[in-house]
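S.K.: First, the structure itself, so that you have it in front of you.
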Amino acid sequence: MSGTAIGAAWAAFSCGVILLYRLPVLPAWTWLAGAAIVVFLIASRRRARVLAALLAASLAGMAWAAWHAETRLAQRLPPSLEGQPVIVRGYVCDLPTPGRFQSLRFRFCVTEWPGQTQGIHPPDTLRLSWYRGSAETLRRHRLQLDVVLKRPHGALNAAGFRYEDWLFRHGYRATGSVRSAAFDPAVPCHGHCRYALARQALADWVEARFGALDQYPLIASLMIGNRQAMNEEHWALLKATGTVHLVAISGLHLGLVALAVAWLSRRLLLMLPVSWLSERTLRRLVFFLVVAGCLCYALVAGFTVPTRRALVMVTIASWTLLCAREPRPWQSFFTALGLVLMADPFAPLDPGFWLSFAAVAVLLWVLVGRLGPVGWLPGLILTQVAVFAGLWPILASLEQGQPLAGLVANLFAIPWVSVLVMPALALAAVAMALAPGLAEPVVPGLDVLLGGLWQLLAWVASWPWPEPAYAGAGTLGLVAAVLLLALRLPLPGLPVAVLLSLLVWWWSPVPSPASTATESVTVLDVGQGLSVVIQAGGHVLVYDTGPAVDGVFSSVTSTLVPVLRSRGIRRIDHLVLSHADQDHAGDVAGLLARMPVGRIETGEPERIRERLPEAPQPVLPCRRRRETLGGFDLLFWHSRHAQRGNDASCVLIVRHRASGVEWVLPGDLTVTTEQEFLRDDVLQESPTYRIVIAPHHGSKTSSSPAWVTHLAPNLVVYSAGYRHRFGHPHPSVTARYRAVGATALNTACSGSLTFSVAAEGLDIVEARSRAPFWISAPGLARSQCGQP
């Protein structure tokens, strides 16, 4: 079988693995494997054997990925155990990291579920949080835990971070919190357990030797892949400058290790008598030493998914170069791609997979086939510009910072880390292990190296980078393709190509919101909170921003802004904050920093002004009035008596003129102010269809019998958190709405809800109805979803 055929087969196999995750349902892997065998047998008897063989390889890839996905999905937490105290035995299988609310988060490998097997296949890996937990207890490693668990669940929206994807990709089939923990020496500790214990000891050693340094968080990240000490400020700066990859042990780091081991081992082996080693044997010894060195570093760094991926790629590249094989870069590329997906069929769910292989593909495209050598400085500029262009559309879709800042920062950050930081870290670690007394005076120099890099990154991030106009994925892809084609030209043409591409990007027309969606109302899935986006006639109104916890979580950054940008929205015309509670007006300052807002209105202006002392526009109090937004009529209502708290909520009634569909957004009104609303007889016209967002997420302090009877909605929406401690919606509330014939939807069960309206009627889309096969149905009783 020729090298070209092998590369094509791996490419087809890879396509099959990737395509599986585009399917709405998971096909049976046995059927896919059977189809692959049949097609392969046909390929040996037909003229179109090449196409048939490629199809067989693609089906084999789909079968391989489907088998692993089916095996992972088979691990289920029984509904009877959700929310109940459970005893599990096992060991801590990664380094615990500090979490929110004084918690420790860690991966726990379960070896036994005492008394809970009952013929099921429970999860063998849990993601746990221990609030006010003991780090010393976790260091004892083998534990018996008293935990409260729930099935994987996260917010489900059209864009933004999807926690449930992340959990599935990393093999977590249940999450939960620890109530108590105790050392359990009876837990067996074999290979993986001993490796996790050894890595914890290594992390403790690094902290003891380097923990006093100012740049210890970066040292631990680069030296052993331990990012425990990294805080929000670190991640914010790295993201703003496009340099997150520097602290994620991946291809760059293993490539440096491979180069160092290859150079050192070859020099040492050449010192042996010539008769001892032939050239072929020498090359093979160097190759095995390179692989061994990279494997050791990968194990030290935690043997994470990006590290394993980089190890496969470095191994193939080393085999090609050191064993003097005929260089066929694209064959090696597709072979590495196929082997990575065979070793980790869940890799397509990881953004790092796309970024790493896209970067390698771009470099191959630009560098392979050039007639003459490229100097180090032109080569550095050429490769950075090429990677910038190639990763540009992917980074834009992932909302990964300012790409121009990343281009400039990486021009000096990559050489700085490669030439200065990594060798210094390696020498410092070896010296500290062998001769601590001699190494201690030298170790502070690491602060100088990393501190200088950090100051330069902060300087680049502080520049007033121009914000380019939004362009869709198609426009970005086209501009990137033009730039990459131009980079194949001689280097003098590079500045012209870069300039033209950037001009096209900056001047790309901004898609009108009206062109990307019909007149619509979208209730976002933000957990225990509320955020609603109303679009009409090219205008946008946002009602509430969802929950946020300072320094921990923000639905603005994780959900609201990504959803708006995915629709081509770069400006909010009107921001209405029902009141100032954090679950309704969380991270307002963060929203204003990311997107211009025309007008801000709220039921609690004083409390909002306290959070926005530097707001570019005044914060207006909610007042009773009517106005229009495209095809919608808007009615604002506010209590004359309540000035603070839930009862000060700014109520918004939205009616679509053509269809007569009406939405009632009451914020967190309680029973008392509901009576005032009803006495004012605000709802004078009978709509063709009424949708009510249940006040206060379905709390028993709201939705009084008089309110429910008077409004008599066709549909009620509960914007509540999954298995939240408040237990919303309350059973008495759901019973009242059912009694008047209202259909119920809960964002905890349905994900985001999009109501698209036109003269001919109303279209309702639940995000969960379009979710991929690995997003499981929520583990909630129908009554908790507001259904009978």
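Each chain in the structure tokens gets a letter, A, B, ..., in the order shown, and its residues are numbered from 1; ligands are numbered from 1 in order too.
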Could you name the residues that touch region 188-200 of chain A at 10 Å or less, counting only C-alpha atoms, but leaving out those on the same chain fewer than 2 positions away, as a list in words?
M.R.: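 The neighbour list is Arg89, Gly90, Tyr91, Val92, Cys93, Asp94, Leu95, Pro96, Cys109, Thr111, Arg139, Arg140, His141, Arg142, Asp184, Pro185, Ala186, Leu202, Ala203, Asp204, Trp205, Val206, Ile224, Asn226, Leu299, Val300, Ala301 and Gly302 of chain A.
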S.K.: Output the selection as an mmCIF file, in the first residue's frame - C-alpha atoms for each residue.
M.R.:
```cif
data_model
loop_
_atom_site.group_PDB
_atom_site.id
_atom_site.type_symbol
_atom_site.label_atom_id
_atom_site.label_comp_id
_atom_site.auth_asym_id
_atom_site.auth_seq_id
_atom_site.Cartn_x
_atom_site.Cartn_y
_atom_site.Cartn_z
ATOM 1 C CA ARG A 89 -14.895 4.739 47.422
ATOM 2 C CA GLY A 90 -11.946 5.486 45.185
ATOM 3 C CA TYR A 91 -9.017 7.851 44.737
ATOM 4 C CA VAL A 92 -8.293 11.434 43.706
ATOM 5 C CA CYS A 93 -7.050 11.152 40.142
ATOM 6 C CA ASP A 94 -5.858 14.683 39.377
ATOM 7 C CA LEU A 95 -4.529 17.749 41.169
ATOM 8 C CA PRO A 96 -7.309 19.500 43.139
ATOM 9 C CA CYS A 109 -12.024 7.838 40.129
ATOM 10 C CA THR A 111 -13.547 1.946 42.477
ATOM 11 C CA ARG A 139 -3.593 14.528 49.642
ATOM 12 C CA ARG A 140 -4.200 11.195 51.402
ATOM 13 C CA HIS A 141 -5.529 10.184 48.003
ATOM 14 C CA ARG A 142 -7.507 7.000 48.747
ATOM 15 C CA ASP A 184 -9.661 4.606 53.275
ATOM 16 C CA PRO A 185 -6.543 2.398 53.080
ATOM 17 C CA ALA A 186 -8.649 -0.502 51.776
ATOM 18 C CA LEU A 202 5.809 16.131 42.279
ATOM 19 C CA ALA A 203 3.453 19.127 42.502
ATOM 20 C CA ASP A 204 4.190 19.413 46.227
ATOM 21 C CA TRP A 205 7.937 19.309 45.505
ATOM 22 C CA VAL A 206 7.687 22.064 42.888
ATOM 23 C CA ILE A 224 4.622 20.325 35.164
ATOM 24 C CA ASN A 226 -0.050 22.438 37.157
ATOM 25 C CA LEU A 299 3.629 12.156 32.109
ATOM 26 C CA VAL A 300 5.096 14.891 34.286
ATOM 27 C CA ALA A 301 2.633 17.350 32.733
ATOM 28 C CA GLY A 302 -0.347 15.168 33.614
#
```
S.K.: Find the residues of region 46-104 of chain A that sit at most 8 Å from region 160-183 of chain A; for each, write down the nearest two atoms and how far apart they are in Å, to one decimal. Count only C-alpha atoms. Sort by chain, then by number going up, and give it as CSV.
M.R.:
```
residue,atom,partner,partner_atom,distance
A:Arg72,CA,A:Gly171,CA,7.0
A:Leu73,CA,A:Arg173,CA,7.8
A:Gln75,CA,A:Arg173,CA,6.5
A:Arg76,CA,A:Arg173,CA,6.6
A:Leu77,CA,A:Ala174,CA,6.6
```
S.K.: So that I have them on file, write out the residues from the current selection with C-alpha atoms, as a tab-separated table (two decimals), in the first residue's frame.
M.R.:
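Saved result, result-v2.tsv, follows:
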```tsv
chain	number	residue	atom	x	y	z
A	72	ARG	CA	-19.44	6.49	27.73
A	73	LEU	CA	-23.17	7.20	27.55
A	75	GLN	CA	-22.47	5.09	32.34
A	76	ARG	CA	-25.50	6.60	34.01
A	77	LEU	CA	-26.31	7.87	37.43
```
S.K.: Which residues come within 12 Å of Val561 (chain A), counting only C-alpha atoms, excluding same-chain residues fewer than 6 positions away, as number ranges by chain?
M.R.: A: 157-161, 398-399, 524, 531, 533, 542, 545-546, 554-555, 567-572, 587-588, 590-596
S.K.: Would you kindly return, as a ChimeraX atom specification, each protein, DNA or RNA residue with an atom no farther than 12 Å from any atom of Ala431 (chain A), considering only C-alpha atoms and excluding same-chain residues fewer than 4 positions away?
M.R.: /A:209,424-427,435-443
S.K.: Would you mind listing what lies within 9 Å of region 650-654 of chain A as a PyMOL selection string, with only C-alpha atoms counted and same-chain residues fewer than 2 positions away left out?
M.R.: chain A and resi 543+576-579+601-604+621-623+632-639+647-648+656+661-667+669+683
S.K.: Which residues are near Val540 (chain A)? Cut-off 10 Å, only C-alpha atoms, ignore same chain within fewer than 6 positions. Put them as a list of chain:residue names.
M.R.: A:Pro513, A:Ala514, A:Ser520, A:Val533, A:Ile534, A:Leu564, A:Ile569, A:Arg570, A:Arg571, A:Ile572, A:Asp573, A:His574, A:Leu575, A:Val597, A:Gly598, A:Leu629, A:Gly630
S.K.: Which residues, written as an NGL selection string, have at least one atom at most 10 Å from Ala292 (chain A), with only C-alpha atoms counted and residues fewer than 4 positions away on the same chain left out?
M.R.: :A and (258 or 261 or 286-288 or 296-298 or 315)
S.K.: Sorted by chain and rising residue number, list the residues of region 602-714 of chain A at most 7 Å from region 729-748 of chain A (counting only C-alpha atoms), each with its closest atom pair and distance in Å to one decimal, as a tab-separated table.
M.R.:
```
residue	atom	partner	partner_atom	distance
A:His697	CA	A:Pro729	CA	6.2
A:Gly698	CA	A:Pro729	CA	4.1
A:Ser699	CA	A:His730	CA	5.7
A:Lys700	CA	A:His730	CA	5.7
A:Ser703	CA	A:Val733	CA	6.5
A:Pro705	CA	A:Arg736	CA	6.7
A:Val708	CA	A:Tyr737	CA	6.3
A:Thr709	CA	A:Val740	CA	6.8
A:Ala712	CA	A:Val740	CA	5.9
A:Pro713	CA	A:Ala742	CA	5.7
A:Asn714	CA	A:Ala742	CA	4.6
```
S.K.: Would you please work out which residue, of A:Ile600, A:Ala694, A:Ala240, A:Ala771, is nearest to Val460 (chain A) when using only C-alpha atoms?
M.R.: A:Ala240
S.K.: Per DSSP on the backbone, filter region 69-249 of chain A down to the residues in alpha helix (DSSP H) and report them as a PyMOL selection string.
M.R.: chain A and resi 69-74+135-139+163-169+191-210+216-224+232-240
S.K.: Using DSSP secondary structure from the backbone, list all strand (DSSP E or B) positions within region 158-275 of chain A, as number ranges by chain.
M.R.: A: 175-183
S.K.: Would you mind telling me which residue in A:Leu367, A:Leu341, A:Ala405, A:Ala53 lies nearest to Gly242 (chain A) when using only C-alpha atoms?
M.R.: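 Residue with the minimum atom-to-atom distance to Gly242 (chain A): A:Ala405.
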S.K.: Interatomic distance between CA of Ala429 (chain A) and CA of Ile414 (chain A)?
M.R.: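 About the pair CA of Ala429 (chain A) and CA of Ile414 (chain A): they are 21.0 Å apart.
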S.K.: What gap, in Å, lies between CA of Asp447 (chain A) and CA of Pro217 (chain A)?
M.R.: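 That distance, rounded to one decimal, is 10.8 Å.
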